[in-house]
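Chemist: Below you'll find the structure I mean.
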Protein chains: 2
Amino acid sequence: MQSRFYTLTAYPNGLPDRSLFALETQTLPDLAEGEVRIRNHWLSVDPYMRGRMSGLRTYVEPFGIGKPMEGGAIGEVIESNDSRLKVGDNVSHMGGWRDIAQLPAEGLTPLPENDVPEQAYLGVLGMPGMTAWTGLNLIAECKPGDNVLVSAASGAVGSLAVQLAKAKGCHVVGIAGAAHKLAWLESLGVEPVSYQNRTAQELSDAIKLASPNGIDVYYENVGGICLEAALSQLNEGARIAVCGMIDSYNAEAPSPGPSNLSQLVIRKAKMQGFIVADHWSSYPYFLNEVTPQVAAGKLAYKETVKEGLESTPDAFLALFEGGNTGKMLVKL
Amino acid sequence: MQSRFYTLTAYPNGLPDRSLFALETQTLPDLAEGEVRIRNHWLSVDPYMRGRMSGLRTYVEPFGIGKPMEGGAIGEVIESNDSRLKVGDNVSHMGGWRDIAQLPAEGLTPLPENDVPEQAYLGVLGMPGMTAWTGLNLIAECKPGDNVLVSAASGAVGSLAVQLAKAKGCHVVGIAGAAHKLAWLESLGVEPVSYQNRTAQELSDAIKLASPNGIDVYYENVGGICLEAALSQLNEGARIAVCGMIDSYNAEAPSPGPSNLSQLVIRKAKMQGFIVADHWSSYPYFLNEVTPQVAAGKLAYKETVKEGLESTPDAFLALFEGGNTGKMLVKL
């Protein structure tokens, strides 16, 4: 059986070019003891993958040049050499960027039987959802009544962060760009603020209008002017959970940080980076809390779906151009 | 009786000019019930005072234009209308920038009877010492074996931070400028690193040489290239206690922050600002721990002493030019 998969041909500087992604074909070896073969239904593309294209070890290993790329995926077991999984089982795993994955059964996550669409386990109930929940609760220690600000608020992570904060009884402001994203946020009860064509000062003024009592929790996905604007509106004892800084991921040269970091002192504020993998032992708590809300339709989530394996690089690149509302997915 | 005191004539933009400080004289009113009159022996000048000259409310009220300035001071009670203090008592108080202070006895701190020189209660055993102890222990959660980096390491706060970290059994690197400061740090068992004539990258390389196992705790007094260099050397789970950012206090225009703040995510690091006043309830614990070490000569501290009330503005301004080793004081 053959597998088609993407490899990276070089480590990009700046925004990756479409030509850096090569689609290759391989005849899969026979299944070894403990291995399974999976036909992928859904592939995930996520901003963090840009970090794996730098060639540097960060918190995950870089992609190997010429090696199959990896990423979250959902698929169906089509052949099994392990007693824990049988043909027909749906699993969540890291063998993405390909159509057929052959992997050790160890480390795959069988999907629960329920009415939630399977691809939700790549988004609202998967890594992005868990990331939103972890940053909000475990890092920023968000509590009822807090004034919460979220950047990239209509993205896969941000859109869950704003809703989880709303559900806690917080006043929530979401930063986004396009009009339809702002409208969606407003429909969720979130005060929408656009960053487009604004300086950091103008964005800060807009945040103040939307959250006159300041900001207690800032869920940071972007960096750049969003961070500078947020720092100016912090309340005393504010907590910033730094999930990512997509603004800088494709920068060819170092871009300067905020000029007002001393607000951390003036406001006695905390700014803390985190990696969701370190908190994965809490994933069952997250699922217990959030799955019923998703199943009941109480948590809105959007998907931006590209069709076909060949669209995977474009789906990934669109993440850096605001091309997604909610979770960006590739459907095979 | 007359009191001579400094007032601020305007809120400066950038580095304050000597002419912004006016020496004035006032005939003191009769002592009210509960008031005492104090002849100051020592005045403190501290970087945080620059914040009170901005005209903006930060974590302390701004100095009033034309009003007596304030600051830490040590003096002797020369007249008392309060049963808690008698003539001859030495007290620590906030009526600095003047020779004779008249204040409510409430809120003054009598100095304990011991062999420690009284001015130590403006430095190693006062606000700067407590600031070092608080940042290191309560904010950065420093523990034995940590690799610790301190900026402005030969200053009033930094020089105690490095020694408290050494006493805990940490590997300690101190950033400073002048050769005699670096030599002093070395004599304390600290690895000295100069920031002078270095880019952030060069400073980062020098820190790596001095601390090959990375940085677990960064005690931040400076900002600027020190912060950028430190961020590049963080270990996973590093803690940054942000005491101050003197580099930016006199900036006339916003100066850009570090370009590598995303290291907070990659290293899962925490960066937290604090104000020592919020932790003053722990001052007795600090005194219990540190006073015996000072009395026994186990904690080295230096003083840079200017003579006479008229030298107070110059003493203050010298803080921003690296003019002090250890605590900057004015002796009356």
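In the structure tokens, chains take the letters A, B, ... in the order shown, each chain's residues start at 1, and ligands count up from 1 in the order shown.
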If the cut-off is 7 Å, can you tell me the residues of chain A near chain B, counting only C-alpha atoms? I'd like them as a list in words.
Modeler: Thr58, Tyr59, Val242, Cys243, Gly244, Met245, Pro254, Ser255, Pro256, Gly257, Pro258, Ser259, Leu261, Ser262, Leu264, Val265, Ile266, Lys268, Ala269, Lys270, Met271, Gln272, Gly273, Phe274 and Ile275 of chain A
Chemist: Create the file for the chosen residues now, containing N, CA, C and O atoms and written as a compact mmCIF listing (two decimals), in the first residue's frame.
Modeler:
```
# COMPACT_ATOMS: atom_id res chain seq x y z
N THR A 58 13.31 23.86 19.56
CA THR A 58 12.63 24.73 20.52
C THR A 58 12.03 23.80 21.57
O THR A 58 12.77 23.14 22.27
N TYR A 59 10.73 23.73 21.64
CA TYR A 59 10.14 22.78 22.58
C TYR A 59 9.70 21.51 21.88
O TYR A 59 9.26 20.58 22.50
N VAL A 242 0.90 33.54 27.82
CA VAL A 242 1.45 33.66 26.48
C VAL A 242 1.42 32.30 25.81
O VAL A 242 2.22 31.41 26.10
N CYS A 243 0.44 32.15 24.93
CA CYS A 243 0.25 30.90 24.20
C CYS A 243 1.15 30.89 22.97
O CYS A 243 1.71 29.86 22.60
N GLY A 244 1.26 32.04 22.32
CA GLY A 244 2.08 32.13 21.12
C GLY A 244 2.21 33.57 20.70
O GLY A 244 1.58 34.46 21.29
N MET A 245 3.05 33.82 19.71
CA MET A 245 3.24 35.16 19.18
C MET A 245 3.35 35.06 17.66
O MET A 245 4.42 35.27 17.09
N PRO A 254 14.85 40.17 13.49
CA PRO A 254 14.18 40.35 14.78
C PRO A 254 13.33 41.62 14.75
O PRO A 254 13.78 42.67 14.32
N SER A 255 12.08 41.51 15.15
CA SER A 255 11.25 42.72 15.22
C SER A 255 11.14 43.13 16.68
O SER A 255 11.01 42.29 17.56
N PRO A 256 11.21 44.43 16.93
CA PRO A 256 11.28 44.90 18.31
C PRO A 256 10.05 44.51 19.11
O PRO A 256 8.96 44.39 18.58
N GLY A 257 10.24 44.31 20.38
CA GLY A 257 9.14 44.01 21.28
C GLY A 257 8.48 45.28 21.77
O GLY A 257 8.82 46.38 21.32
N PRO A 258 7.54 45.14 22.68
CA PRO A 258 6.79 46.30 23.18
C PRO A 258 7.70 47.25 23.96
O PRO A 258 8.59 46.82 24.67
N SER A 259 7.42 48.54 23.81
CA SER A 259 8.25 49.55 24.48
C SER A 259 7.80 49.78 25.92
O SER A 259 8.42 50.55 26.64
N LEU A 261 7.14 47.38 28.47
CA LEU A 261 7.20 46.21 29.34
C LEU A 261 7.28 46.59 30.81
O LEU A 261 6.95 45.78 31.68
N SER A 262 7.73 47.83 31.10
CA SER A 262 7.81 48.22 32.51
C SER A 262 6.42 48.32 33.13
O SER A 262 6.29 48.43 34.35
N LEU A 264 4.71 45.87 33.47
CA LEU A 264 4.68 44.67 34.32
C LEU A 264 5.02 45.03 35.76
O LEU A 264 4.47 44.46 36.71
N VAL A 265 5.94 45.98 35.93
CA VAL A 265 6.29 46.41 37.29
C VAL A 265 5.19 47.30 37.85
O VAL A 265 4.69 47.08 38.95
N ILE A 266 4.82 48.30 37.06
CA ILE A 266 3.85 49.28 37.55
C ILE A 266 2.55 48.60 37.95
O ILE A 266 1.93 48.96 38.94
N LYS A 268 2.34 45.32 38.61
CA LYS A 268 2.62 44.09 39.38
C LYS A 268 2.03 42.90 38.65
O LYS A 268 1.32 42.06 39.24
N ALA A 269 2.30 42.84 37.37
CA ALA A 269 1.66 41.85 36.52
C ALA A 269 2.59 40.68 36.22
O ALA A 269 3.81 40.79 36.31
N LYS A 270 1.98 39.58 35.85
CA LYS A 270 2.71 38.35 35.54
C LYS A 270 2.48 38.00 34.08
O LYS A 270 1.36 38.13 33.57
N MET A 271 3.52 37.57 33.42
CA MET A 271 3.43 37.18 32.01
C MET A 271 4.10 35.82 31.92
O MET A 271 5.28 35.69 32.27
N GLN A 272 3.38 34.83 31.50
CA GLN A 272 3.92 33.47 31.57
C GLN A 272 3.65 32.69 30.30
O GLN A 272 2.51 32.61 29.84
N GLY A 273 4.72 32.15 29.74
CA GLY A 273 4.58 31.29 28.57
C GLY A 273 4.28 29.86 29.00
O GLY A 273 4.63 29.45 30.10
N PHE A 274 3.63 29.14 28.11
CA PHE A 274 3.34 27.73 28.44
C PHE A 274 3.24 26.93 27.16
O PHE A 274 3.00 27.47 26.08
N ILE A 275 3.41 25.64 27.34
CA ILE A 275 3.27 24.68 26.24
C ILE A 275 2.24 23.68 26.69
O ILE A 275 2.37 23.08 27.77
```
Chemist: Please report, as a ChimeraX atom specification, each residue of segment 212-248 of chain A to which DSSP assigns strand (DSSP E or B) when run on this structure's backbone.
Modeler: /A:215-220,234-242
Chemist: Could you pull the residues within 12 Å of Gly55 of chain A, counting only C-alpha atoms, minus those fewer than 6 positions along the same chain, as a PDB file with N, CA and C atoms, in the first residue's frame?
Modeler:
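Generated file (part_8.pdb):
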```pdb
ATOM      1  N   LEU A   8       9.482  18.646   3.908  1.00  0.00           N
ATOM      2  CA  LEU A   8      10.008  20.007   3.816  1.00  0.00           C
ATOM      3  C   LEU A   8      11.330  19.904   3.067  1.00  0.00           C
ATOM      4  N   THR A   9      11.521  20.761   2.062  1.00  0.00           N
ATOM      5  CA  THR A   9      12.740  20.643   1.247  1.00  0.00           C
ATOM      6  C   THR A   9      13.869  21.516   1.785  1.00  0.00           C
ATOM      7  N   ALA A  10      13.544  22.499   2.608  1.00  0.00           N
ATOM      8  CA  ALA A  10      14.570  23.363   3.200  1.00  0.00           C
ATOM      9  C   ALA A  10      13.930  24.115   4.360  1.00  0.00           C
ATOM     10  N   TYR A  11      14.748  24.677   5.242  1.00  0.00           N
ATOM     11  CA  TYR A  11      14.213  25.506   6.331  1.00  0.00           C
ATOM     12  C   TYR A  11      14.034  26.933   5.825  1.00  0.00           C
ATOM     13  N   PRO A  12      12.807  27.417   5.851  1.00  0.00           N
ATOM     14  CA  PRO A  12      12.557  28.741   5.282  1.00  0.00           C
ATOM     15  C   PRO A  12      13.061  29.868   6.181  1.00  0.00           C
ATOM     16  N   ASN A  13      13.401  30.978   5.560  1.00  0.00           N
ATOM     17  CA  ASN A  13      13.624  32.229   6.260  1.00  0.00           C
ATOM     18  C   ASN A  13      12.423  33.112   5.921  1.00  0.00           C
ATOM     19  N   MET A  49       3.439  24.853  14.063  1.00  0.00           N
ATOM     20  CA  MET A  49       4.258  24.068  13.120  1.00  0.00           C
ATOM     21  C   MET A  49       5.356  24.923  12.481  1.00  0.00           C
ATOM     22  N   GLU A  61      11.045  18.955  18.409  1.00  0.00           N
ATOM     23  CA  GLU A  61      12.098  18.750  17.416  1.00  0.00           C
ATOM     24  C   GLU A  61      11.716  19.415  16.107  1.00  0.00           C
ATOM     25  N   PRO A  62      12.691  19.952  15.391  1.00  0.00           N
ATOM     26  CA  PRO A  62      12.373  20.483  14.058  1.00  0.00           C
ATOM     27  C   PRO A  62      11.982  19.344  13.115  1.00  0.00           C
ATOM     28  N   PHE A  63      11.216  19.688  12.067  1.00  0.00           N
ATOM     29  CA  PHE A  63      10.969  18.717  10.999  1.00  0.00           C
ATOM     30  C   PHE A  63      12.313  18.363  10.356  1.00  0.00           C
ATOM     31  N   GLY A  64      12.485  17.111   9.995  1.00  0.00           N
ATOM     32  CA  GLY A  64      13.699  16.728   9.267  1.00  0.00           C
ATOM     33  C   GLY A  64      13.531  17.057   7.783  1.00  0.00           C
ATOM     34  N   ILE A  65      14.573  17.564   7.167  1.00  0.00           N
ATOM     35  CA  ILE A  65      14.508  17.845   5.722  1.00  0.00           C
ATOM     36  C   ILE A  65      14.354  16.525   4.959  1.00  0.00           C
TER      37      ILE A  65
END
```
Chemist: Considering only C-alpha atoms, return as a list in words whatever protein or nucleic-acid residues lie within 8 Å of Ser3 of chain B, sequence-local ones (same chain, fewer than 5 positions apart) excluded.
Modeler: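 Close residues of Ser3 of chain B: Thr25, Gln26, Thr27, Leu28, Arg98, Asp99, Ile100 and Ala101 of chain B.
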Chemist: Only C-alpha atoms, please: the residues just picked out, written as an mmCIF file, in the first residue's frame.
Modeler:
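Output file result05.cif is given in full below:
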```cif
data_model
loop_
_atom_site.group_PDB
_atom_site.id
_atom_site.type_symbol
_atom_site.label_atom_id
_atom_site.label_comp_id
_atom_site.auth_asym_id
_atom_site.auth_seq_id
_atom_site.Cartn_x
_atom_site.Cartn_y
_atom_site.Cartn_z
ATOM 1 C CA THR B 25 13.222 77.143 53.013
ATOM 2 C CA GLN B 26 10.179 77.107 55.237
ATOM 3 C CA THR B 27 9.560 78.015 58.863
ATOM 4 C CA LEU B 28 7.993 74.939 60.418
ATOM 5 C CA ARG B 98 15.157 67.879 53.393
ATOM 6 C CA ASP B 99 17.196 68.554 56.509
ATOM 7 C CA ILE B 100 14.490 68.842 59.162
ATOM 8 C CA ALA B 101 11.323 66.766 58.819
#
```
Chemist: From the set B:Leu234, B:Ala73, B:Leu317, B:Val305, which residue has the shortest atom-to-atom contact distance to Pro47 of chain B, counting only C-alpha atoms?
Modeler: B:Leu317
